[in-house]
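K.L.:
Before we start, here is the structure in question, set down as structure tokens.
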Amino acid sequence: MANGLPKASSGSAGLDLILNGGFPRGRTTHLHGGTGTGKTIIGIQFLLSGARSGEPGILVSFEEKADSMRQNALSLGWDLAALENEGKLVILDAMPDPKAVMTGEFDFNGFYSLLEGAIRTSKAKRIVIDAIDVLLQLLNDPANERNQVCQIHDWLSTHAMTSLLTAKITGTVSEYPFMEYLTDCVIRLIPLNEDRQRMLRVIKFRGSDFVSGPHPYTIAIGGMVLIPLAEMELRYAQVTGYITTGLAALDEMMGGGYIKGSCVTIAGASGTGKTTFACQFAAALCNNDERVLYINYEESANNIVAMMKSSGLDLEPAIRSDRLKIVSKMPEAMGPECHLYKDITALQEHKARYLIVDAISSCKRIASEAAAFSYMFRLIDYCRKSGITTLFTNQITGFQQAHEVYGFGFSSFVDTMIFLDYVPIGGELNRTLLIMKSRGSQHSNQYREFLITEQGIRFMDVYTGKGGMLTGVARLEQELREQLESRQRELAIAAKKKEIVILRSTLQTEMSASEAQIEKTAIELKSLENEDGISQEARNRRELIRKSTTGGREGRLDEHFDDGGRSGRGVRS
Amino acid sequence: MKSLQKQGIEPPNYHLTLYIAGDEPNSRLAIRNLREICTGVLADQCVIEVIDVYIDFERALKARVVVTPMLIVVGDNPATKATFYGTLHDKKILLKYLEPESNGNE
């Protein structure tokens, strides 16, 4: 059934996907939404897609002058005038005169004649009427409005036009609710919310499957972009094997390195070395001829390169060879969908197999935590599907709260979590690393101390002594102290061993004595039990004797008991 | 009008274009109403043109006719343009526009 209804591409791959192919061919779709939701843009995109695939289109503009429409379209990279010249697009500038005086009856036959003429000359198959509410406002009579929409719908159907009728709404209530049941497909656009996301929702689609949504979308060069959740089935690319972290010691701790195609998060307070770890990874990848996209929300590309140089890492060769691409952007600059779209485009353009985002904690500044989550969730998902390995840094404040370490609620998407921390001991601040989680691989569960030197990151040997994790000078002192203690312990152990031998022989002696005592007590118990048996026997005999001397009484007792039972039952019933 | 002529001021001339969509009741009503309005003195000042949008698509396209009947009144002195939608049911409205001083009482 769903596949039976022919569709016409909307020009947006994402929208086509949720509409199961596009708008219904030869039928009418109603697109409504508040101001600034991009109704006109979606309309033009639909016509352009038609024009490119041999289906000319008509754009009826009731709201905007044709010239301003051409100009606005240019800013999205669309040259409408060129298409008009090629005969692939007709723009009908049909703005009603706002000062027009109404006197007597009128109808829209002039409009139909215009359309008919335009279809005749252009052989148009698609039409966008933007916005139908402007036309309906002239009527100012609900019954007539409904009639006219009916007529327009019929006219378009008769002419087998794939049509898009747009209308403005305020809030979620349409001024023309009948539009929703007169048309075949209804799509609602919801303006920017507090998370800086516009949402699209398919309300109905006669005779077709669809993914109702809401679906976040954005407007970018090239039109409306929608990256639907429908695409987010769990069909992730299968990537296996390890990839070096750029640090031999860390590779060893990780059981070989980061897992290809997985999501790694490095969390830690400011200055713990997250960026250094990320850059080590990037540099190692580029050394192996891999392509890396590094999205930085905190520093400019130049700053990172300079910072890394001071810790012995030169990123310049990787950048020069175009293997490493650093994109610096402000989280506040755009909404989450726009960030997502830019990132995906950058990944595709750079043909990156590895993505680093530094730092995801900054993404909260896009708008809200919800917006950041929406962005990150979809970005991770895209990478998973494409087999792209991701490494995120996450700046946290205060002491480790698991949920904070993992970022804003997407811990389940993170395969590997590395936690960097400062440990202040003996007037020193030392850096430590802990692999908190690493899905699908054997990994060290020890805290490891590391240094960021001019030659890069250097890990200290594992310290497994008592008294917990120690670092720096305190660690050296502790090691000396332990050497002394260790000798003392050996002596103490020998002494204890001797003590045990003595204790054991004492135990043997005591046990023999105790066994004799137990035997004696058992005999005493037996005689007591016998005594008890005799007295019981005596009691039984006495009772028997009593019963035989007072025979009649026994029957009366039984009778009395039966009566009681009966009356008891009577009460109950 | 007389006062204007006394002062030597040329009375305005109007070009009235009525767009209709085929021969239907609204079209006929609009034509009749327009002819009735443009009588007497106005008959000399007004040039009336009736265009059927089904026949002359080019003209309809140029004037962006959406609503029919639609009347476009273009005055040449001073240059003015006014749009009227409908059958011109209330003649006073148009009269008042063409003869501001008559207050539509003719």
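In the structure tokens, the first chain shown is A, the next is B, and so on; residue numbers restart at 1 for each chain, and ligands run from 1 in the order shown.
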Can I get the residues of chain B within 7 Å of chain A, each with the closest pair of atoms and their distance in Å to one decimal, using only C-alpha atoms, sorted chain first then ascending number, as a tab-separated table?
P.N.:
```
residue	atom	partner	partner_atom	distance
B:Ala21	CA	A:Gly110	CA	5.8
B:Asn26	CA	A:Phe106	CA	7.0
B:Val53	CA	A:Gly110	CA	6.3
B:Tyr54	CA	A:Ser113	CA	5.7
B:Phe57	CA	A:Gly117	CA	6.3
B:Ala60	CA	A:Leu114	CA	6.9
B:Leu61	CA	A:Leu114	CA	6.3
B:Arg64	CA	A:Ala94	CA	5.3
B:Val65	CA	A:Gly110	CA	5.5
B:Val66	CA	A:Phe111	CA	4.0
B:Val67	CA	A:Phe108	CA	4.8
B:Thr68	CA	A:Gly110	CA	5.2
B:Pro69	CA	A:Phe106	CA	5.9
B:Ala82	CA	A:Ala100	CA	6.8
B:Thr83	CA	A:Ala100	CA	4.7
B:Phe84	CA	A:Val101	CA	4.7
B:Tyr85	CA	A:Met102	CA	4.7
B:Gly86	CA	A:Phe106	CA	4.5
B:Thr87	CA	A:Gly104	CA	4.7
B:Leu88	CA	A:Thr103	CA	5.1
B:His89	CA	A:Gly104	CA	4.5
B:Asp90	CA	A:Thr103	CA	5.9
```
K.L.:
What's around Asp52 of chain B at 8 Å? Count only C-alpha atoms, leave out sequence neighbours fewer than 3 positions away in its own chain, and write the answer as a list in words.
P.N.:
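Near neighbours after the sequence-gap exclusion: Tyr19, Ile20, Ala21, Gly22, Ile55 and Asp56 of chain B.
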K.L.:
For the residues in the current selection, export C-alpha atoms as a PDB file, in the first residue's frame.
P.N.:
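That gives us out-v4.pdb:
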```pdb
ATOM      1  CA  TYR B  19     -11.098  41.857 -15.810  1.00  0.00           C
ATOM      2  CA  ILE B  20     -13.716  39.139 -15.934  1.00  0.00           C
ATOM      3  CA  ALA B  21     -13.505  35.371 -16.132  1.00  0.00           C
ATOM      4  CA  GLY B  22     -15.786  34.246 -18.934  1.00  0.00           C
ATOM      5  CA  ILE B  55      -9.219  34.818 -23.693  1.00  0.00           C
ATOM      6  CA  ASP B  56      -6.416  37.289 -23.080  1.00  0.00           C
TER       7      ASP B  56
END
```
K.L.:
In Å, rounded to a single decimal, give me how far atom CA of Ser10 of chain A is from atom CA of Ile219 of chain A.
P.N.:
14.4 Å
K.L.:
DSSP says strand (DSSP E) for which residues of segment 13-45 of chain B? Put them as a list in words?
P.N.:
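Restricting segment 13-45 of chain B to strand (DSSP E) produces Tyr14, His15, Leu16, Thr17, Leu18, Tyr19 and Ile20 of chain B.
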K.L.:
Which residues are near segment 37-47 of chain B? Cut-off 7 Å, only C-alpha atoms, ignore same chain within fewer than 2 positions. Put them as a PyMOL selection string.
P.N.:
chain B and resi 12-16+33-35+49+91+95
K.L.:
Show which residues sit within 8 Å of Thr218 of chain A, as a list of chain:residue names. Count only C-alpha atoms, and ignore same-chain residues fewer than 5 positions away.
P.N.:
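What passes the distance filter is A:Gln197, A:Arg198, A:Met224, A:Val225, A:Leu226, A:Glu337, A:Cys338.
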K.L.:
Write out the residues from the selection above, keeping all heavy atoms, as a short mmCIF file (atom, residue, chain, number, x, y, z; two decimals), in the first residue's frame.
P.N.:
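This is the output file result.cif:
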```cif
data_model
loop_
_atom_site.label_atom_id
_atom_site.label_comp_id
_atom_site.auth_asym_id
_atom_site.auth_seq_id
_atom_site.Cartn_x
_atom_site.Cartn_y
_atom_site.Cartn_z
N GLN A 197 15.96 24.86 18.06
CA GLN A 197 15.67 23.87 17.03
C GLN A 197 14.31 24.15 16.42
O GLN A 197 13.36 24.44 17.13
CB GLN A 197 15.67 22.46 17.64
CG GLN A 197 17.04 21.90 17.81
CD GLN A 197 17.01 20.50 18.38
OE1 GLN A 197 16.32 20.24 19.35
NE2 GLN A 197 17.74 19.61 17.76
N ARG A 198 14.27 24.05 15.10
CA ARG A 198 12.98 24.06 14.42
C ARG A 198 12.58 22.61 14.28
O ARG A 198 13.42 21.74 14.11
CB ARG A 198 13.10 24.68 13.04
CG ARG A 198 13.46 26.15 13.05
CD ARG A 198 13.40 26.64 11.61
NE ARG A 198 13.77 28.02 11.48
CZ ARG A 198 15.01 28.43 11.20
NH1 ARG A 198 15.97 27.56 11.01
NH2 ARG A 198 15.27 29.72 11.09
N MET A 224 16.50 23.34 3.00
CA MET A 224 16.17 22.75 4.29
C MET A 224 16.91 21.43 4.45
O MET A 224 17.00 20.63 3.52
CB MET A 224 14.66 22.51 4.28
CG MET A 224 14.19 21.87 5.52
SD MET A 224 13.72 20.20 5.18
CE MET A 224 12.26 20.15 6.17
N VAL A 225 17.46 21.23 5.63
CA VAL A 225 18.17 19.99 5.91
C VAL A 225 17.51 19.31 7.10
O VAL A 225 17.33 19.92 8.14
CB VAL A 225 19.65 20.26 6.27
CG1 VAL A 225 20.37 18.94 6.50
CG2 VAL A 225 20.34 21.05 5.18
N LEU A 226 17.17 18.07 6.89
CA LEU A 226 16.53 17.31 7.96
C LEU A 226 17.27 15.99 8.06
O LEU A 226 17.42 15.28 7.07
CB LEU A 226 15.06 17.11 7.58
CG LEU A 226 14.13 16.52 8.62
CD1 LEU A 226 12.73 17.05 8.38
CD2 LEU A 226 14.10 15.02 8.57
N GLU A 337 20.95 21.94 14.96
CA GLU A 337 20.80 21.29 13.66
C GLU A 337 21.83 21.82 12.67
O GLU A 337 22.34 21.10 11.84
CB GLU A 337 19.39 21.52 13.10
CG GLU A 337 18.35 20.69 13.78
CD GLU A 337 18.70 19.22 13.79
OE1 GLU A 337 18.81 18.60 12.73
OE2 GLU A 337 18.88 18.69 14.90
N CYS A 338 22.07 23.11 12.81
CA CYS A 338 23.00 23.76 11.90
C CYS A 338 24.42 23.24 12.17
O CYS A 338 25.17 22.94 11.25
CB CYS A 338 22.92 25.26 12.08
SG CYS A 338 23.22 26.15 10.59
#
```
K.L.:
Measure the distance from atom CA of Leu293 of chain A to atom CA of Gly255 of chain A in Å and round it to one decimal.
P.N.:
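Interatomic distance, atom CA of Leu293 of chain A to atom CA of Gly255 of chain A: 25.1 Å.
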K.L.:
Please report the interatomic distance between atom CA of Ile127 of chain A and atom CA of Phe23 of chain A in Å with one decimal.
P.N.:
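The value is 11.8 Å.
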K.L.:
Counting only C-alpha atoms, figure out which residue out of B:Ile48, B:Leu18, B:Ala30, B:Leu98 gets nearest to Asn77 of chain B.
P.N.:
B:Leu98
K.L.:
Step one, run DSSP on the backbone; step two, keep only residues of segment 42-113 of chain A assigned to helix (DSSP H, G or I); then write them as an MDAnalysis selection string.
P.N.:
chainID A and resid 42:52 66:74 80:85 109:113
K.L.:
Keeping N, CA and C atoms, export the residues of the selection given above as a CSV table (one decimal), in the first residue's frame.
P.N.:
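What follows is the written file result-v9.csv:
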```
chain,number,residue,atom,x,y,z
A,42,ILE,N,11.1,25.6,1.6
A,42,ILE,CA,10.8,24.2,1.4
A,42,ILE,C,10.0,24.1,0.0
A,43,GLY,N,9.2,25.1,-0.2
A,43,GLY,CA,8.4,25.1,-1.5
A,43,GLY,C,9.3,25.3,-2.7
A,44,ILE,N,10.3,26.2,-2.6
A,44,ILE,CA,11.2,26.4,-3.7
A,44,ILE,C,12.1,25.2,-3.9
A,45,GLN,N,12.5,24.6,-2.8
A,45,GLN,CA,13.4,23.4,-2.9
A,45,GLN,C,12.7,22.3,-3.7
A,46,PHE,N,11.4,22.2,-3.4
A,46,PHE,CA,10.6,21.2,-4.1
A,46,PHE,C,10.5,21.5,-5.6
A,47,LEU,N,10.3,22.7,-5.9
A,47,LEU,CA,10.2,23.1,-7.3
A,47,LEU,C,11.6,22.9,-8.1
A,48,LEU,N,12.7,23.3,-7.3
A,48,LEU,CA,14.0,23.1,-7.9
A,48,LEU,C,14.3,21.6,-8.2
A,49,SER,N,13.9,20.8,-7.3
A,49,SER,CA,14.1,19.4,-7.5
A,49,SER,C,13.4,18.9,-8.7
A,50,GLY,N,12.1,19.4,-8.9
A,50,GLY,CA,11.3,19.1,-10.1
A,50,GLY,C,12.0,19.6,-11.3
A,51,ALA,N,12.4,20.8,-11.3
A,51,ALA,CA,13.0,21.5,-12.4
A,51,ALA,C,14.3,20.7,-12.9
A,52,ARG,N,15.0,20.1,-11.9
A,52,ARG,CA,16.2,19.4,-12.3
A,52,ARG,C,15.9,18.0,-12.8
A,66,ALA,N,8.1,38.9,-6.6
A,66,ALA,CA,9.0,37.9,-7.3
A,66,ALA,C,10.5,38.3,-7.2
A,67,ASP,N,10.7,39.6,-7.3
A,67,ASP,CA,12.1,40.1,-7.3
A,67,ASP,C,12.8,39.8,-5.9
A,68,SER,N,12.1,40.0,-4.9
A,68,SER,CA,12.7,39.8,-3.5
A,68,SER,C,12.8,38.3,-3.3
A,69,MET,N,11.9,37.5,-3.9
A,69,MET,CA,12.0,36.1,-3.8
A,69,MET,C,13.3,35.6,-4.5
A,70,ARG,N,13.5,36.1,-5.7
A,70,ARG,CA,14.7,35.7,-6.5
A,70,ARG,C,16.0,36.0,-5.7
A,71,GLN,N,15.9,37.2,-5.0
A,71,GLN,CA,17.1,37.7,-4.3
A,71,GLN,C,17.3,36.8,-3.0
A,72,ASN,N,16.3,36.5,-2.3
A,72,ASN,CA,16.4,35.7,-1.1
A,72,ASN,C,16.9,34.3,-1.5
A,73,ALA,N,16.4,33.8,-2.6
A,73,ALA,CA,16.8,32.4,-3.1
A,73,ALA,C,18.3,32.4,-3.4
A,74,LEU,N,18.8,33.5,-3.9
A,74,LEU,CA,20.2,33.6,-4.3
A,74,LEU,C,21.1,33.4,-3.0
A,80,LEU,N,17.1,31.4,-9.4
A,80,LEU,CA,15.7,31.2,-9.9
A,80,LEU,C,15.6,31.7,-11.3
A,81,ALA,N,16.2,32.9,-11.6
A,81,ALA,CA,16.1,33.6,-12.8
A,81,ALA,C,16.6,32.7,-14.0
A,82,ALA,N,17.7,32.0,-13.7
A,82,ALA,CA,18.3,31.1,-14.7
A,82,ALA,C,17.2,30.0,-15.1
A,83,LEU,N,16.6,29.4,-14.1
A,83,LEU,CA,15.6,28.4,-14.3
A,83,LEU,C,14.4,29.0,-15.1
A,84,GLU,N,14.0,30.2,-14.7
A,84,GLU,CA,12.9,30.8,-15.4
A,84,GLU,C,13.2,31.0,-16.9
A,85,ASN,N,14.5,31.4,-17.2
A,85,ASN,CA,14.9,31.6,-18.6
A,85,ASN,C,14.9,30.3,-19.3
A,109,ASN,N,-11.7,32.8,-10.2
A,109,ASN,CA,-11.6,32.3,-11.5
A,109,ASN,C,-10.4,32.9,-12.3
A,110,GLY,N,-10.1,34.2,-11.9
A,110,GLY,CA,-9.0,34.8,-12.6
A,110,GLY,C,-7.7,34.0,-12.2
A,111,PHE,N,-7.7,33.6,-11.0
A,111,PHE,CA,-6.5,32.8,-10.6
A,111,PHE,C,-6.4,31.5,-11.4
A,112,TYR,N,-7.5,30.8,-11.5
A,112,TYR,CA,-7.5,29.5,-12.3
A,112,TYR,C,-7.0,29.8,-13.7
A,113,SER,N,-7.5,30.9,-14.3
A,113,SER,CA,-7.1,31.2,-15.7
A,113,SER,C,-5.6,31.5,-15.7
```
K.L.:
I want to know what sits within 12 Å of Asn193 of chain A, based on only C-alpha atoms, with residues of the same chain fewer than 5 positions away left out; could you give that as a tab-separated table (two decimals) with N, CA, C and O atoms, in the first residue's frame?
P.N.:
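What ended up in out-v2.tsv:
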```tsv
chain	number	residue	atom	x	y	z
A	34	GLY	N	4.62	28.62	11.69
A	34	GLY	CA	4.77	30.02	12.09
A	34	GLY	C	5.75	30.75	11.18
A	34	GLY	O	6.33	30.15	10.27
A	36	GLY	N	9.03	32.36	9.81
A	36	GLY	CA	10.44	31.99	9.93
A	36	GLY	C	10.68	30.51	10.00
A	36	GLY	O	11.76	30.06	10.37
A	37	THR	N	9.71	29.69	9.64
A	37	THR	CA	9.91	28.25	9.69
A	37	THR	C	10.43	27.71	8.35
A	37	THR	O	10.78	26.55	8.26
A	171	GLY	N	1.02	29.83	16.77
A	171	GLY	CA	0.97	28.77	17.76
A	171	GLY	C	0.78	27.44	17.06
A	171	GLY	O	1.41	27.18	16.05
A	198	ARG	N	14.27	24.05	15.10
A	198	ARG	CA	12.98	24.06	14.42
A	198	ARG	C	12.58	22.61	14.28
A	198	ARG	O	13.42	21.74	14.11
A	199	MET	N	11.27	22.36	14.35
A	199	MET	CA	10.81	20.98	14.28
A	199	MET	C	9.79	20.81	13.16
A	199	MET	O	8.98	21.70	12.92
A	216	PRO	N	13.86	17.48	14.06
A	216	PRO	CA	14.54	18.77	14.00
A	216	PRO	C	15.09	19.00	12.59
A	216	PRO	O	15.47	18.04	11.92
A	217	TYR	N	15.07	20.25	12.15
A	217	TYR	CA	15.64	20.56	10.84
A	217	TYR	C	16.27	21.93	10.88
A	217	TYR	O	16.08	22.69	11.83
A	335	GLY	N	22.28	27.10	15.78
A	335	GLY	CA	21.49	26.11	16.50
A	335	GLY	C	22.06	24.71	16.32
A	335	GLY	O	22.96	24.51	15.50
A	336	PRO	N	21.55	23.74	17.09
A	336	PRO	CA	22.12	22.39	17.05
A	336	PRO	C	22.04	21.72	15.68
A	336	PRO	O	22.97	21.03	15.28
A	367	ALA	N	22.65	26.17	23.18
A	367	ALA	CA	21.36	26.68	23.64
A	367	ALA	C	21.06	26.13	25.02
A	367	ALA	O	20.85	26.87	25.96
A	368	SER	N	21.06	24.82	25.13
A	368	SER	CA	20.69	24.19	26.39
A	368	SER	C	21.31	22.81	26.40
A	368	SER	O	21.88	22.36	25.42
A	370	ALA	N	19.62	20.11	26.52
A	370	ALA	CA	18.81	19.29	25.61
A	370	ALA	C	19.27	19.45	24.17
A	370	ALA	O	19.36	18.49	23.42
A	371	ALA	N	19.59	20.69	23.81
A	371	ALA	CA	20.06	20.96	22.45
A	371	ALA	C	21.40	20.27	22.22
A	371	ALA	O	21.63	19.67	21.17
```
